[in-house]
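A.B. asks: Contents of structure_25.json (JSON, C-alpha atoms):
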[["chain", "number", "residue", "atom", "x", "y", "z"],
["A", 1, "MET", "CA", -1.04, 49.96, -38.64],
["A", 2, "ASN", "CA", 0.57, 46.87, -37.19],
["A", 3, "GLY", "CA", -1.19, 43.51, -36.89],
["A", 4, "ASP", "CA", -2.47, 44.05, -33.34],
["A", 5, "GLU", "CA", -3.94, 47.42, -34.27],
["A", 6, "ASP", "CA", -5.62, 45.90, -37.31],
["A", 7, "VAL", "CA", -7.15, 43.15, -35.16],
["A", 8, "THR", "CA", -8.42, 45.68, -32.62],
["A", 9, "GLU", "CA", -9.99, 47.74, -35.39],
["A", 10, "ILE", "CA", -11.81, 44.67, -36.73],
["A", 11, "PHE", "CA", -13.36, 44.06, -33.30],
["A", 12, "LYS", "CA", -14.29, 47.75, -32.91],
["A", 13, "LYS", "CA", -15.94, 47.83, -36.33],
["A", 14, "ALA", "CA", -18.03, 44.72, -35.61],
["A", 15, "ILE", "CA", -19.13, 46.05, -32.21],
["A", 16, "ASN", "CA", -20.00, 49.47, -33.63],
["A", 17, "GLU", "CA", -22.16, 47.74, -36.25],
["A", 18, "GLY", "CA", -23.95, 45.79, -33.54],
["A", 19, "ARG", "CA", -22.63, 42.44, -34.73],
["A", 20, "LYS", "CA", -22.15, 39.43, -32.46],
["A", 21, "TRP", "CA", -19.76, 37.66, -34.85],
["A", 22, "LEU", "CA", -17.02, 38.46, -37.32],
["A", 23, "LEU", "CA", -17.36, 37.94, -41.03],
["A", 24, "GLU", "CA", -15.33, 34.96, -42.24],
["A", 25, "PRO", "CA", -12.74, 37.15, -44.04],
["A", 26, "GLU", "CA", -12.27, 39.11, -40.80],
["A", 27, "ALA", "CA", -11.86, 35.92, -38.75],
["A", 28, "LYS", "CA", -9.37, 34.52, -41.23],
["A", 29, "TYR", "CA", -7.40, 37.77, -41.30],
["A", 30, "ILE", "CA", -7.01, 37.47, -37.52],
["A", 31, "CYS", "CA", -5.96, 33.84, -37.90],
["A", 32, "LYS", "CA", -3.25, 34.91, -40.34],
["A", 33, "GLN", "CA", -1.99, 37.52, -37.89],
["A", 34, "TYR", "CA", -1.46, 34.67, -35.42],
["A", 35, "ASN", "CA", 0.12, 32.42, -38.07],
["A", 36, "ILE", "CA", -2.82, 30.05, -38.10],
["A", 37, "PRO", "CA", -2.86, 28.72, -41.70],
["A", 38, "VAL", "CA", -5.94, 29.52, -43.78],
["A", 39, "PRO", "CA", -6.59, 29.26, -47.54],
["A", 40, "GLU", "CA", -5.38, 31.94, -49.90],
["A", 41, "GLY", "CA", -8.41, 34.07, -50.73],
["A", 42, "MET", "CA", -9.93, 37.44, -51.53],
["A", 43, "VAL", "CA", -13.26, 39.21, -51.10],
["A", 44, "VAL", "CA", -14.76, 40.28, -54.43],
["A", 45, "LYS", "CA", -17.84, 42.34, -55.25],
["A", 46, "ASN", "CA", -18.85, 40.87, -58.60],
["A", 47, "VAL", "CA", -18.27, 37.93, -60.90],
["A", 48, "ASP", "CA", -15.75, 39.75, -63.12],
["A", 49, "GLU", "CA", -13.53, 40.42, -60.09],
["A", 50, "ALA", "CA", -13.90, 36.77, -59.15],
["A", 51, "VAL", "CA", -12.86, 35.59, -62.62],
["A", 52, "LYS", "CA", -9.84, 37.90, -62.62],
["A", 53, "TYR", "CA", -8.67, 36.69, -59.21],
["A", 54, "ALA", "CA", -9.27, 33.06, -60.18],
["A", 55, "GLY", "CA", -6.93, 33.55, -63.12],
["A", 56, "GLU", "CA", -4.24, 34.71, -60.71],
["A", 57, "ILE", "CA", -4.44, 31.89, -58.12],
["A", 58, "GLY", "CA", -5.76, 29.05, -60.27],
["A", 59, "TYR", "CA", -8.49, 26.44, -59.88],
["A", 60, "PRO", "CA", -10.11, 24.56, -58.14],
["A", 61, "LEU", "CA", -11.79, 27.15, -55.95],
["A", 62, "VAL", "CA", -14.45, 27.66, -53.30],
["A", 63, "LEU", "CA", -16.97, 30.53, -53.39],
["A", 64, "LYS", "CA", -18.74, 31.74, -50.23],
["A", 65, "ILE", "CA", -21.25, 34.46, -49.46],
["A", 66, "VAL", "CA", -20.12, 37.30, -47.20],
["A", 67, "SER", "CA", -23.02, 38.89, -45.33],
["A", 68, "LYS", "CA", -23.43, 40.54, -41.94],
["A", 69, "ASP", "CA", -26.88, 38.93, -41.83],
["A", 70, "ILE", "CA", -25.76, 35.33, -42.40],
["A", 71, "ILE", "CA", -23.64, 33.33, -39.96],
["A", 72, "HIS", "CA", -24.41, 29.79, -41.17],
["A", 73, "LYS", "CA", -23.64, 30.08, -44.86],
["A", 74, "THR", "CA", -24.20, 26.47, -45.86],
["A", 75, "ASP", "CA", -27.74, 26.51, -44.43],
["A", 76, "VAL", "CA", -28.82, 29.06, -47.03],
["A", 77, "GLY", "CA", -26.86, 27.72, -49.99],
["A", 78, "GLY", "CA", -24.11, 30.29, -49.61],
["A", 79, "VAL", "CA", -21.14, 27.98, -50.25],
["A", 80, "ILE", "CA", -20.16, 26.22, -53.48],
["A", 81, "THR", "CA", -17.04, 24.05, -53.72],
["A", 82, "ASN", "CA", -15.06, 22.34, -56.46],
["A", 83, "ILE", "CA", -15.21, 25.21, -58.94],
["A", 84, "VAL", "CA", -12.89, 24.02, -61.72],
["A", 85, "ASP", "CA", -13.08, 26.68, -64.46],
["A", 86, "GLU", "CA", -14.49, 30.08, -65.42],
["A", 87, "TYR", "CA", -17.80, 28.62, -66.58],
["A", 88, "SER", "CA", -18.44, 26.86, -63.26],
["A", 89, "LEU", "CA", -17.32, 29.97, -61.37],
["A", 90, "ARG", "CA", -19.85, 32.18, -63.16],
["A", 91, "ARG", "CA", -22.51, 29.52, -62.61],
["A", 92, "ALA", "CA", -21.64, 29.26, -58.90],
["A", 93, "PHE", "CA", -21.84, 33.03, -58.54],
["A", 94, "ASN", "CA", -25.38, 33.11, -59.94],
["A", 95, "SER", "CA", -26.42, 30.07, -57.91],
["A", 96, "ILE", "CA", -25.37, 31.67, -54.62],
["A", 97, "ILE", "CA", -27.22, 34.90, -55.44],
["A", 98, "ASN", "CA", -30.37, 32.93, -56.27],
["A", 99, "ASN", "CA", -30.02, 30.80, -53.12],
["A", 100, "ILE", "CA", -29.76, 33.89, -50.93],
["A", 101, "ARG", "CA", -32.77, 35.49, -52.61],
["A", 102, "LEU", "CA", -34.74, 32.32, -51.92],
["A", 103, "ASN", "CA", -33.50, 31.33, -48.44],
["A", 104, "ALA", "CA", -32.48, 34.66, -46.89],
["A", 105, "PRO", "CA", -34.27, 37.37, -48.91],
["A", 106, "SER", "CA", -33.69, 40.11, -46.32],
["A", 107, "ALA", "CA", -29.93, 39.50, -46.09],
["A", 108, "HIS", "CA", -27.60, 42.16, -47.45],
["A", 109, "ILE", "CA", -24.77, 40.77, -49.59],
["A", 110, "ASP", "CA", -21.48, 42.42, -48.60],
["A", 111, "GLY", "CA", -19.37, 40.46, -51.05],
["A", 112, "PHE", "CA", -18.10, 37.01, -51.98],
["A", 113, "LEU", "CA", -15.10, 35.19, -50.57],
["A", 114, "ILE", "CA", -13.19, 33.25, -53.23],
["A", 115, "GLU", "CA", -10.53, 30.84, -51.99],
["A", 116, "LYS", "CA", -8.21, 28.08, -53.09],
["A", 117, "MET", "CA", -9.81, 24.68, -52.56],
["A", 118, "TYR", "CA", -7.83, 22.02, -50.72],
["A", 119, "GLU", "CA", -7.98, 18.26, -51.21],
["A", 120, "PRO", "CA", -10.16, 16.61, -48.54],
["A", 121, "SER", "CA", -8.13, 15.09, -45.75],
["A", 122, "ILE", "CA", -8.42, 14.20, -42.07],
["A", 123, "GLU", "CA", -10.80, 16.78, -40.58],
["A", 124, "LEU", "CA", -10.03, 18.24, -37.16],
["A", 125, "ILE", "CA", -11.51, 21.00, -35.03],
["A", 126, "VAL", "CA", -9.84, 23.50, -32.72],
["A", 127, "GLY", "CA", -12.14, 25.76, -30.76],
["A", 128, "MET", "CA", -12.46, 27.98, -27.73],
["A", 129, "ASN", "CA", -15.34, 28.86, -25.44],
["A", 130, "ARG", "CA", -15.03, 31.48, -22.71],
["A", 131, "ASP", "CA", -16.42, 29.98, -19.50],
["A", 132, "THR", "CA", -17.83, 32.51, -17.01],
["A", 133, "GLN", "CA", -16.01, 30.80, -14.13],
["A", 134, "PHE", "CA", -12.80, 29.37, -15.62],
["A", 135, "GLY", "CA", -12.13, 31.73, -18.52],
["A", 136, "PRO", "CA", -11.09, 30.59, -22.02],
["A", 137, "VAL", "CA", -11.31, 26.82, -22.52],
["A", 138, "VAL", "CA", -9.59, 25.41, -25.62],
["A", 139, "MET", "CA", -11.02, 22.34, -27.35],
["A", 140, "PHE", "CA", -9.50, 19.89, -29.85],
["A", 141, "GLY", "CA", -11.07, 16.93, -31.59],
["A", 142, "VAL", "CA", -12.28, 15.16, -34.71],
["A", 143, "GLY", "CA", -13.94, 17.81, -36.87],
["A", 144, "GLY", "CA", -16.12, 18.14, -39.93],
["A", 145, "VAL", "CA", -19.88, 17.78, -40.16],
["A", 146, "PHE", "CA", -19.93, 14.90, -37.68],
["A", 147, "VAL", "CA", -18.24, 16.73, -34.81],
["A", 148, "GLU", "CA", -21.42, 16.73, -32.72],
["A", 149, "VAL", "CA", -22.07, 13.06, -33.51],
["A", 150, "TYR", "CA", -18.66, 11.72, -32.50],
["A", 151, "GLN", "CA", -18.07, 14.19, -29.64],
["A", 152, "ASP", "CA", -14.45, 13.05, -29.60],
["A", 153, "THR", "CA", -12.80, 16.03, -27.95],
["A", 154, "SER", "CA", -10.31, 17.10, -25.28],
["A", 155, "PHE", "CA", -10.09, 20.36, -23.32],
["A", 156, "ARG", "CA", -7.54, 22.59, -21.56],
["A", 157, "LEU", "CA", -7.64, 26.02, -19.97],
["A", 158, "ALA", "CA", -5.81, 28.79, -21.82],
["A", 159, "PRO", "CA", -3.05, 29.78, -21.94],
["A", 160, "LEU", "CA", -1.45, 26.43, -22.64],
["A", 161, "ASP", "CA", 1.96, 25.31, -23.88],
["A", 162, "ARG", "CA", 2.99, 22.95, -26.65],
["A", 163, "GLN", "CA", 3.28, 19.92, -24.34],
["A", 164, "GLU", "CA", -0.28, 20.42, -23.09],
["A", 165, "ALA", "CA", -1.45, 20.73, -26.69],
["A", 166, "ILE", "CA", 0.27, 17.46, -27.63],
["A", 167, "GLU", "CA", -1.44, 15.80, -24.66],
["A", 168, "MET", "CA", -4.80, 17.09, -25.91],
["A", 169, "ILE", "CA", -4.16, 15.55, -29.32],
["A", 170, "ARG", "CA", -3.19, 12.18, -27.85],
["A", 171, "GLU", "CA", -6.26, 12.05, -25.59],
["A", 172, "ILE", "CA", -8.92, 11.78, -28.28],
["A", 173, "LYS", "CA", -10.21, 8.35, -29.35],
["A", 174, "GLY", "CA", -9.51, 9.23, -32.99],
["A", 175, "PHE", "CA", -5.79, 9.74, -32.35],
["A", 176, "LYS", "CA", -5.02, 6.64, -34.44],
["A", 177, "LEU", "CA", -6.23, 8.52, -37.51],
["A", 178, "LEU", "CA", -3.33, 10.94, -37.07],
["A", 179, "THR", "CA", -0.63, 8.26, -36.86],
["A", 180, "GLY", "CA", -0.92, 6.76, -40.34],
["A", 181, "TYR", "CA", -3.85, 4.43, -39.69],
["A", 182, "ARG", "CA", -4.82, 2.20, -42.66],
["A", 183, "GLY", "CA", -2.62, 3.89, -45.21],
["A", 184, "LEU", "CA", -3.34, 7.50, -44.22],
["A", 185, "LYS", "CA", -0.29, 9.72, -44.06],
["A", 186, "PRO", "CA", 0.77, 10.51, -40.47],
["A", 187, "VAL", "CA", -0.12, 14.05, -39.42],
["A", 188, "ASN", "CA", 2.58, 16.37, -38.12],
["A", 189, "LEU", "CA", 1.42, 16.74, -34.50],
["A", 190, "ASP", "CA", 3.62, 19.79, -33.89],
["A", 191, "ILE", "CA", 1.72, 21.73, -36.55],
["A", 192, "ILE", "CA", -1.64, 20.89, -34.95],
["A", 193, "ALA", "CA", -0.28, 21.63, -31.47],
["A", 194, "ASP", "CA", 0.90, 25.02, -32.71],
["A", 195, "ILE", "CA", -2.64, 25.90, -33.87],
["A", 196, "ILE", "CA", -4.06, 24.83, -30.49],
["A", 197, "VAL", "CA", -1.57, 27.00, -28.59],
["A", 198, "LYS", "CA", -2.22, 30.01, -30.83],
["A", 199, "VAL", "CA", -6.00, 29.75, -30.40],
["A", 200, "GLY", "CA", -5.40, 29.85, -26.65],
["A", 201, "ASP", "CA", -3.11, 32.86, -26.99],
["A", 202, "LEU", "CA", -5.70, 34.66, -29.10],
["A", 203, "ALA", "CA", -8.40, 34.03, -26.50],
["A", 204, "VAL", "CA", -6.21, 35.27, -23.65],
["A", 205, "LYS", "CA", -5.20, 38.45, -25.44],
["A", 206, "TYR", "CA", -8.69, 39.49, -26.62],
["A", 207, "ALA", "CA", -11.38, 39.21, -23.96],
["A", 208, "VAL", "CA", -13.91, 40.40, -26.54],
["A", 209, "ILE", "CA", -13.83, 36.91, -28.11],
["A", 210, "LYS", "CA", -16.48, 34.59, -26.72],
["A", 211, "GLU", "CA", -15.99, 31.63, -29.08],
["A", 212, "ILE", "CA", -13.55, 30.49, -31.75],
["A", 213, "ASP", "CA", -14.43, 27.67, -34.13],
["A", 214, "LEU", "CA", -11.88, 26.41, -36.66],
["A", 215, "ASN", "CA", -13.76, 23.57, -38.34],
["A", 216, "PRO", "CA", -12.78, 21.80, -40.38],
["A", 217, "ILE", "CA", -9.02, 21.94, -40.27],
["A", 218, "PHE", "CA", -7.68, 19.75, -43.08],
["A", 219, "ALA", "CA", -4.62, 17.95, -41.71],
["A", 220, "TYR", "CA", -1.93, 16.57, -44.03],
["A", 221, "GLY", "CA", 1.47, 15.01, -43.47],
["A", 222, "ASP", "CA", 3.39, 18.26, -43.61],
["A", 223, "ARG", "CA", 0.78, 20.99, -43.07],
["A", 224, "ALA", "CA", -2.71, 21.86, -41.88],
["A", 225, "VAL", "CA", -5.21, 24.44, -43.14],
["A", 226, "ALA", "CA", -8.24, 25.89, -41.36],
["A", 227, "VAL", "CA", -10.67, 26.00, -44.28],
["A", 228, "ASP", "CA", -13.44, 27.54, -42.18],
["A", 229, "ALA", "CA", -13.14, 29.99, -39.28],
["A", 230, "ARG", "CA", -15.76, 31.54, -37.03],
["A", 231, "ILE", "CA", -15.29, 34.04, -34.18],
["A", 232, "ILE", "CA", -18.22, 34.95, -31.90],
["A", 233, "LEU", "CA", -18.00, 38.12, -29.80],
["A", 234, "ALA", "CA", -18.83, 38.46, -26.11]]
Can you give me the file's structure in the form of structure tokens?
C.D. replies:
Amino acid sequence: MNGDEDVTEIFKKAINEGRKWLLEPEAKYICKQYNIPVPEGMVVKNVDEAVKYAGEIGYPLVLKIVSKDIIHKTDVGGVITNIVDEYSLRRAFNSIINNIRLNAPSAHIDGFLIEKMYEPSIELIVGMNRDTQFGPVVMFGVGGVFVEVYQDTSFRLAPLDRQEAIEMIREIKGFKLLTGYRGLKPVNLDIIADIIVKVGDLAVKYAVIKEIDLNPIFAYGDRAVAVDARIILA
């Protein structure tokens, strides 16, 4: 199958299972089909598979629970970062299992997502919400755990072009952070604009998507990576 067929099948599978959201590996697969950068990763079933894959891609790593019953993984202890060797990987694996048993005992574990860990950087958010009157509205702003505190965001209707995306970036109060403020490396605005445009394109093409949430996006001088991705279905 080609990429579009694969994406359609992911949506069909989720709907047939009665799910209102995609699993993170599904959401990130769709991002990759639209050339939205995400970490290198793999879904594994057990710790031995995780150790084998870790040996192939190298440390440090992030380990996340994959479950159709859990949408907010951090709330139940389903994410462990900064895994630096095999010992800490095996320990993280057991910790997540114990956390799920304690905090979400009825949740079925479908697997574990193991990914390359990226150095912390400027955190941004690109999102989309489908308004009942105006259609898909794309959002850009300062991301991370404080996104709701700062509420430093800009909005455009999709579809949008690169110039509109650049305008969105320049509109936020935190724009200085992206220009090399206080020793930070300037962020390549074209790379961020490209992600904004592609999120809009994705929303226009697939009406089944109600929300997209790429948060945080780690932005560097020459690249950006969406380390977390969530897609909610209509």
A.B. asks: From the options A:Glu164, A:Glu115, A:Asp110, A:Asp131, which residue's atoms come nearest to Leu89 (chain A), counting all atoms listed in the file?
C.D. replies: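 For Leu89 (chain A), the nearest of the candidates is A:Glu115.
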A.B. asks: Mind giving me the straight-line distance from CA of Leu61 (chain A) to CA of His108 (chain A) in Å, one decimal?
C.D. replies: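 Going from CA of Leu61 (chain A) over to CA of His108 (chain A) covers 23.4 Å.
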A.B. asks: Nearest residue to Ala165 (chain A) out of A:Gly200, A:Gly55, A:Pro186, A:Gly144, using all atoms listed in the file?
C.D. replies: A:Gly200
A.B. asks: Nearest to Val43 (chain A) among A:Pro60, A:Gly3, A:Gly127, A:Gly111, with distances taken over all atoms listed in the file: which residue is it?
C.D. replies: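 Looking only at the distances to Val43 (chain A), the closest residue turns out to be A:Gly111.
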A.B. asks: Using all atoms listed in the file, I'd like a table of the residues in region 104-180 of chain A that come within 12 Å of region 64-78 of chain A; for each, show the closest atom pair and its distance in Å rounded to one decimal, ordered by chain and ascending number, as CSV.
C.D. replies:
residue,atom,partner,partner_atom,distance
A:Ala104,CA,A:Val76,CA,6.7
A:Pro105,CA,A:Val76,CA,10.1
A:Ser106,CA,A:Asp69,CA,8.2
A:Ala107,CA,A:Asp69,CA,5.3
A:His108,CA,A:Ser67,CA,6.0
A:Ile109,CA,A:Ser67,CA,5.0
A:Asp110,CA,A:Ser67,CA,5.1
A:Gly111,CA,A:Val66,CA,5.0
A:Phe112,CA,A:Ile65,CA,4.8
A:Leu113,CA,A:Lys64,CA,5.0
A:Ile114,CA,A:Lys64,CA,6.5
A:Glu115,CA,A:Lys64,CA,8.4
A:Lys116,CA,A:Lys64,CA,11.5
A:Met117,CA,A:Lys64,CA,11.6
A:Val145,CA,A:Thr74,CA,11.3
A.B. asks: From the set A:Trp21, A:Phe218, A:Phe175, A:Phe140, which residue has the shortest atom-to-atom contact distance to Pro37 (chain A), counting all atoms listed in the file?
C.D. replies: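 Checking each candidate against Pro37 (chain A), we get A:Phe218 as the closest.
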A.B. asks: Excluding Thr153 (chain A) and its own-chain neighbours fewer than 4 positions away, which residues fall within 9 Å of it when counting all atoms listed in the file? Please give them as a compact mmCIF listing (two decimals) with C-alpha atoms, in the frame of the given file.
C.D. replies:
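To be explicit, this is the file written out as out27.txt:
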# COMPACT_ATOMS: atom_id res chain seq x y z
CA ILE A 125 -11.51 21.00 -35.03
CA MET A 139 -11.02 22.34 -27.35
CA PHE A 140 -9.50 19.89 -29.85
CA GLY A 141 -11.07 16.93 -31.59
CA VAL A 142 -12.28 15.16 -34.71
CA VAL A 147 -18.24 16.73 -34.81
CA MET A 168 -4.80 17.09 -25.91
CA ILE A 169 -4.16 15.55 -29.32
CA GLU A 171 -6.26 12.05 -25.59
CA ILE A 172 -8.92 11.78 -28.28
CA LYS A 173 -10.21 8.35 -29.35
A.B. asks: Pick from A:Arg101, A:Lys176, A:Lys28, A:Lys185: nearest to Leu214 (chain A), with only C-alpha atoms counted?
C.D. replies: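 Of A:Arg101, A:Lys176, A:Lys28, A:Lys185, the one nearest Leu214 (chain A), counting only C-alpha atoms, is A:Lys28.
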A.B. asks: Which residue out of A:Val227, A:Ile191, A:Leu160, A:Ile166 has the minimum interatomic distance to Val62 (chain A) when all atoms listed in the file are used?
C.D. replies: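 Closest candidate: A:Val227.
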